[in-house]
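Student: Sharing entry-v4.txt, compact mmCIF, C-alpha atoms:
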```
# COMPACT_ATOMS: atom_id res chain seq x y z
CA MET A 1 120.26 112.32 63.69
CA ARG A 2 116.70 112.99 64.82
CA TYR A 3 114.00 110.55 63.82
CA ASP A 4 110.83 112.44 64.80
CA LYS A 5 109.64 112.68 61.20
CA ASP A 6 110.36 108.99 60.55
CA VAL A 7 108.51 107.99 63.74
CA GLU A 8 105.46 110.01 62.71
CA GLU A 9 105.46 108.58 59.19
CA LEU A 10 105.86 105.02 60.42
CA LEU A 11 103.09 105.45 63.01
CA GLU A 12 100.67 106.82 60.43
CA THR A 13 101.45 103.97 58.06
CA CYS A 14 101.08 101.35 60.78
CA LEU A 15 97.79 102.85 61.96
CA ARG A 16 96.46 102.37 58.44
CA GLY A 17 97.69 98.78 58.47
CA ASP A 18 99.09 99.20 54.96
CA ARG A 19 101.67 96.41 54.99
CA ASP A 20 103.16 97.19 51.59
CA ALA A 21 103.60 100.83 52.60
CA ILE A 22 105.23 99.72 55.85
CA ARG A 23 107.81 97.71 53.92
CA GLU A 24 108.46 100.66 51.63
CA CYS A 25 108.84 103.02 54.60
CA VAL A 26 111.33 100.72 56.31
CA ASP A 27 113.31 100.12 53.11
CA ALA A 28 113.55 103.87 52.47
CA CYS A 29 114.98 104.39 55.96
CA LEU A 30 117.44 101.54 55.43
CA GLU A 31 118.92 103.36 52.47
CA ARG A 32 120.39 105.97 54.82
CA THR A 33 120.65 104.30 58.24
CA ASP A 34 121.81 101.00 59.78
CA PRO A 35 119.01 98.65 60.92
CA ASP A 36 120.13 98.48 64.56
CA GLU A 37 120.05 102.28 64.80
CA LEU A 38 116.56 102.33 63.30
CA LEU A 39 115.38 99.72 65.79
CA VAL A 40 116.63 101.85 68.69
CA GLU A 41 115.80 105.33 67.39
CA MET A 42 112.63 104.72 65.36
CA ILE A 43 110.88 101.44 66.21
CA LEU A 44 111.18 101.49 70.00
CA PRO A 45 110.05 105.15 70.30
CA SER A 46 107.13 104.34 67.98
CA ILE A 47 106.06 101.49 70.25
CA GLU A 48 106.28 103.82 73.26
CA ARG A 49 104.02 106.29 71.46
CA ILE A 50 101.53 103.50 70.76
CA GLU A 51 101.52 102.53 74.43
CA THR A 52 100.85 106.15 75.39
CA LEU A 53 97.91 106.30 72.99
CA GLY A 54 96.59 103.09 74.52
CA ARG A 55 96.88 104.38 78.09
CA GLU A 56 95.00 107.50 77.05
CA ASP A 57 92.23 105.40 75.45
CA ARG A 58 92.85 107.02 72.09
CA LEU A 59 92.92 103.71 70.22
CA THR A 60 90.21 101.08 69.95
CA SER A 61 91.15 97.47 70.62
CA SER A 62 91.00 96.78 66.89
CA ALA A 63 93.23 99.76 66.05
CA MET A 64 95.70 98.74 68.76
CA ASN A 65 95.92 95.23 67.36
CA VAL A 66 96.46 96.52 63.82
CA VAL A 67 99.15 99.05 64.74
CA LEU A 68 101.11 96.66 66.96
CA ARG A 69 101.11 93.88 64.42
CA SER A 70 102.10 96.37 61.74
CA MET A 71 104.93 97.53 63.96
CA ARG A 72 105.99 93.92 64.41
CA LEU A 73 106.23 93.65 60.62
CA ALA A 74 108.45 96.74 60.51
CA ALA A 75 110.66 95.49 63.34
CA GLY A 76 110.97 92.06 61.78
CA ARG A 77 112.07 93.55 58.47
CA LEU A 78 114.84 95.46 60.24
CA ILE A 79 115.90 92.48 62.37
CA GLU A 80 116.29 90.44 59.18
CA ARG A 81 118.75 93.05 57.90
CA LEU A 82 121.03 92.92 60.92
CA ASP A 83 124.38 91.68 59.75
CA GLY A 84 125.44 90.05 63.01
CA GLU A 85 128.67 92.05 63.02
CA ARG A 86 129.95 92.66 66.54
CA ARG A 87 129.50 96.34 67.43
CA ASN A 88 131.44 96.64 70.68
CA ASP A 89 134.92 95.83 71.92
CA GLY A 90 133.83 94.81 75.39
CA PRO A 91 133.16 91.37 76.85
CA THR A 92 130.72 88.89 75.36
CA LEU A 93 127.99 88.32 77.92
CA ASP A 94 125.49 85.53 78.52
CA ILE A 95 122.20 87.38 78.97
CA LEU A 96 118.79 86.19 80.16
CA LEU A 97 116.09 88.55 78.94
CA TYR A 98 112.46 88.67 80.07
CA SER A 99 109.78 91.17 79.10
CA GLY A 100 106.28 92.12 80.13
CA ARG A 101 103.46 89.91 78.89
CA ASN A 102 101.58 92.12 76.41
CA ILE A 103 102.28 92.33 72.67
CA ALA A 104 104.06 95.68 72.84
CA GLU A 105 106.34 94.57 75.66
CA GLU A 106 107.24 91.28 74.02
CA LEU A 107 108.07 93.14 70.82
CA GLN A 108 110.29 95.53 72.74
CA GLY A 109 112.02 92.56 74.36
CA GLU A 110 112.53 90.86 71.01
CA ILE A 111 114.09 94.03 69.60
CA MET A 112 116.43 94.33 72.59
CA ALA A 113 117.45 90.69 72.13
CA ALA A 114 118.29 91.32 68.47
CA ILE A 115 120.25 94.47 69.28
CA LEU A 116 122.24 92.77 72.01
CA GLU A 117 123.02 89.86 69.70
CA THR A 118 124.32 92.37 67.16
CA ASP A 119 126.62 93.61 69.92
CA GLY A 120 128.02 90.10 70.13
CA HIS A 121 126.27 88.84 73.26
CA ARG A 122 124.60 85.47 73.70
CA VAL A 123 120.94 86.13 74.51
CA ARG A 124 118.19 83.83 75.71
CA PHE A 125 114.85 85.63 75.38
CA ALA A 126 111.93 84.04 77.23
CA GLY A 127 109.27 86.70 76.56
CA GLY A 128 106.71 87.68 79.15
CA GLY A 129 104.52 86.04 81.75
CA VAL A 130 107.28 83.89 83.25
CA PRO A 131 106.74 83.42 87.02
CA ALA A 132 109.42 84.63 89.40
CA ASP A 133 110.23 81.11 90.61
CA GLU A 134 110.87 79.95 87.04
CA ILE A 135 113.13 82.92 86.35
CA LEU A 136 115.00 82.03 89.53
CA ALA A 137 115.34 78.44 88.32
CA ASP A 138 116.64 79.66 84.95
CA VAL A 139 119.22 81.81 86.71
CA GLY A 140 120.47 78.84 88.70
CA ARG A 141 120.50 76.48 85.72
CA LEU A 142 121.93 78.75 83.02
CA ASP A 143 124.40 80.78 85.09
CA PRO A 144 124.07 84.09 83.16
CA ASP A 145 126.30 87.14 83.43
CA LEU A 146 123.32 89.45 83.18
CA LEU A 147 119.61 89.25 83.94
CA LEU A 148 117.74 91.89 81.94
CA LEU A 149 114.12 92.62 82.88
CA TYR A 150 112.52 94.82 80.21
CA ALA A 151 109.10 96.16 81.15
CA SER A 152 106.95 99.10 80.14
CA ALA A 153 103.58 98.66 81.91
CA ALA A 154 103.01 99.90 85.45
CA GLY A 155 101.57 96.50 86.37
CA ASP A 156 104.94 94.87 85.69
CA ALA A 157 106.73 96.60 88.57
CA PRO A 158 105.54 94.23 91.37
CA ALA A 159 106.61 91.17 89.37
CA VAL A 160 110.02 92.71 88.66
CA ARG A 161 110.42 93.47 92.34
CA GLU A 162 109.45 89.89 93.25
CA VAL A 163 112.12 88.51 90.93
CA ILE A 164 114.83 90.74 92.38
CA ASP A 165 113.70 90.05 95.97
CA SER A 166 113.82 86.31 95.33
CA ILE A 167 117.31 86.42 93.83
CA ARG A 168 118.71 88.73 96.51
CA GLY A 169 116.92 86.87 99.28
CA ILE A 170 118.67 83.55 98.69
CA GLY A 171 121.92 85.06 97.51
CA ALA A 172 121.66 83.41 94.10
CA ARG A 173 124.47 84.33 91.73
CA PRO A 174 125.91 87.32 93.62
CA ASP A 175 128.27 87.94 90.68
CA MET A 176 125.34 88.23 88.24
CA GLN A 177 124.27 91.75 87.31
CA ILE A 178 120.58 92.69 87.20
CA ALA A 179 119.55 95.38 84.72
CA ILE A 180 116.16 96.96 84.13
CA GLY A 181 114.82 98.83 81.12
CA GLY A 182 111.48 99.98 79.76
CA GLY A 183 108.92 102.73 80.03
CA VAL A 184 107.53 102.14 83.52
CA PHE A 185 110.92 102.96 85.02
CA ALA A 186 111.12 106.18 83.02
CA ARG A 187 107.69 107.28 84.24
CA ALA A 188 108.37 106.33 87.86
CA VAL A 189 111.70 108.03 88.52
CA GLY A 190 113.74 106.24 91.15
CA LEU A 191 111.75 102.98 91.04
CA ALA A 192 114.49 100.87 89.47
CA GLU A 193 116.96 101.99 92.12
CA GLU A 194 114.48 101.42 94.90
CA ILE A 195 113.77 97.80 93.99
CA GLY A 196 117.44 96.89 93.90
CA ALA A 197 118.53 96.89 90.25
CA ASP A 198 122.25 97.17 89.54
CA LEU A 199 121.75 99.07 86.27
CA TRP A 200 118.78 100.79 84.69
CA SER A 201 117.96 103.07 81.80
CA ASP A 202 114.84 103.98 79.84
CA GLU A 203 117.06 104.67 76.79
CA PRO A 204 117.79 101.43 74.87
CA GLY A 205 120.87 102.89 73.23
CA LEU A 206 122.33 103.81 76.60
CA LEU A 207 121.31 100.51 78.17
CA ARG A 208 123.13 98.43 75.55
CA ARG A 209 126.27 100.45 76.25
CA VAL A 210 126.28 100.51 80.04
CA ILE A 211 125.82 96.76 80.44
CA VAL A 212 129.30 96.51 78.92
CA GLU A 213 130.90 99.65 80.33
CA GLU A 214 129.51 99.25 83.88
CA ARG A 215 130.07 95.53 84.43
CA ASP A 216 131.21 96.11 88.02
CA GLN A 217 128.23 98.27 89.05
CA ARG A 218 126.21 96.62 91.82
CA ALA A 219 123.30 97.70 93.97
CA PHE A 220 123.86 98.33 97.66
CA PRO A 221 121.29 97.50 100.37
CA GLU A 222 120.67 101.12 101.38
CA GLN A 223 119.43 102.06 97.91
CA ARG A 224 116.44 99.73 98.20
CA THR A 225 114.01 102.28 99.56
CA VAL A 226 110.71 100.69 98.56
CA GLY A 227 108.29 101.34 101.41
CA ARG A 228 110.57 104.00 102.93
CA GLY A 229 110.00 106.90 100.53
CA ARG A 230 111.56 107.91 97.23
CA ARG A 231 115.06 108.85 96.12
CA SER A 232 116.23 110.20 92.79
CA ALA A 233 117.67 107.46 90.60
CA ARG A 234 121.33 107.65 89.72
CA ALA A 235 122.37 107.59 86.10
CA ALA A 236 122.91 104.08 84.82
```
If you convert what's in this file into structure tokens, what do you get?
Tutor:
Amino acid sequence: MRYDKDVEELLETCLRGDRDAIRECVDACLERTDPDELLVEMILPSIERIETLGREDRLTSSAMNVVLRSMRLAAGRLIERLDGERRNDGPTLDILLYSGRNIAEELQGEIMAAILETDGHRVRFAGGGVPADEILADVGRLDPDLLLLYASAAGDAPAVREVIDSIRGIGARPDMQIAIGGGVFARAVGLAEEIGADLWSDEPGLLRRVIVEERDQRAFPEQRTVGRGRRSARAA
């Protein structure tokens, strides 16, 4: 099912900041589609569109604040409707999830946390702005199966690289998988591979699947080509 029309309608409603209309729009979509599918296929693409408008300076600061907070209302209404029913037959994973620091990125991270919980995983979501050394400490203390770094702004890439460099550099949790998602890695093809991620995808629906189906996928040293030119990223 394509959601282009729903995305456009939701964006227009959120830009107006009409909170009652937002609730009505979400409830109408829920009559025909599951909430986790709407989060993946409608809310996350809408947030990406908002970020594009922001990068192109097509929204004022006030309009950006209104539309993002309106989108948070829509996402929250869908998250409340998640039934918690396990949606995959694979392993249950302990996941540490961090996002970028701005409102849009934290909302994307919160949505991914909710979706992964619906899949039956145990998720600890710490939001954005967490220093690399604190993430490293969390990895050592909480012993996760998966570290998921979800970022969409270009400025996040150096911090993501620092985290991966720190973990790889001291050999912390070699059995832990590191996955990357978010818009910056879609716009910069090959970047996720180059900085040493085990898995990556700019498609949330695909990402939630491959972290179960590709549990044994690991990066190899030769793929880390940062500073040595670009390579095309492999499929997650």
Student: What's around A:Thr13 at 12 Å? Count only C-alpha atoms, leave out sequence neighbours fewer than 6 positions away in its own chain, and write the answer as a short mmCIF file (atom, residue, chain, number, x, y, z; two decimals) with C-alpha atoms, in the frame of the given file.
Tutor:
```
data_model
loop_
_atom_site.label_atom_id
_atom_site.label_comp_id
_atom_site.auth_asym_id
_atom_site.auth_seq_id
_atom_site.Cartn_x
_atom_site.Cartn_y
_atom_site.Cartn_z
CA ASP A 6 110.36 108.99 60.55
CA VAL A 7 108.51 107.99 63.74
CA ARG A 19 101.67 96.41 54.99
CA ASP A 20 103.16 97.19 51.59
CA ALA A 21 103.60 100.83 52.60
CA ILE A 22 105.23 99.72 55.85
CA ARG A 23 107.81 97.71 53.92
CA GLU A 24 108.46 100.66 51.63
CA CYS A 25 108.84 103.02 54.60
CA VAL A 26 111.33 100.72 56.31
CA SER A 46 107.13 104.34 67.98
CA VAL A 66 96.46 96.52 63.82
CA VAL A 67 99.15 99.05 64.74
CA LEU A 68 101.11 96.66 66.96
CA ARG A 69 101.11 93.88 64.42
CA SER A 70 102.10 96.37 61.74
CA MET A 71 104.93 97.53 63.96
CA LEU A 73 106.23 93.65 60.62
CA ALA A 74 108.45 96.74 60.51
#
```
Student: If I take atom CA of A:Ala114 and atom CA of A:Ile79, how far is one from the other in Å, to one decimal?
Tutor: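 Spanning atom CA of A:Ala114 to atom CA of A:Ile79 is a straight-line distance of 6.7 Å.
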Student: Distance atom CA of A:Ala179-atom CA of A:Ile211, one decimal place?
Tutor: 7.7 Å
Student: For A:Gly140, work out the shell of residues within 8 Å, counting all atoms listed in the file and skipping chain neighbours fewer than 3 positions away, then give it as a list in words.
Tutor: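 These residues fall inside the cut-off: Leu136, Ala137, Asp143, Ala172 and Arg173 of chain A.
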Student: Give me the residues of stretch 68-126 of chain A that have any atom at most 8 Å from an atom of stretch 197-209 of chain A; for each, the nearest atom pair and the distance in Å, rounded to one decimal. Use only C-alpha atoms, sort by chain and number, and format it as CSV.
Tutor:
```
residue,atom,partner,partner_atom,distance
A:Met112,CA,A:Pro204,CA,7.6
A:Ile115,CA,A:Arg208,CA,8.0
A:Leu116,CA,A:Arg208,CA,6.7
```
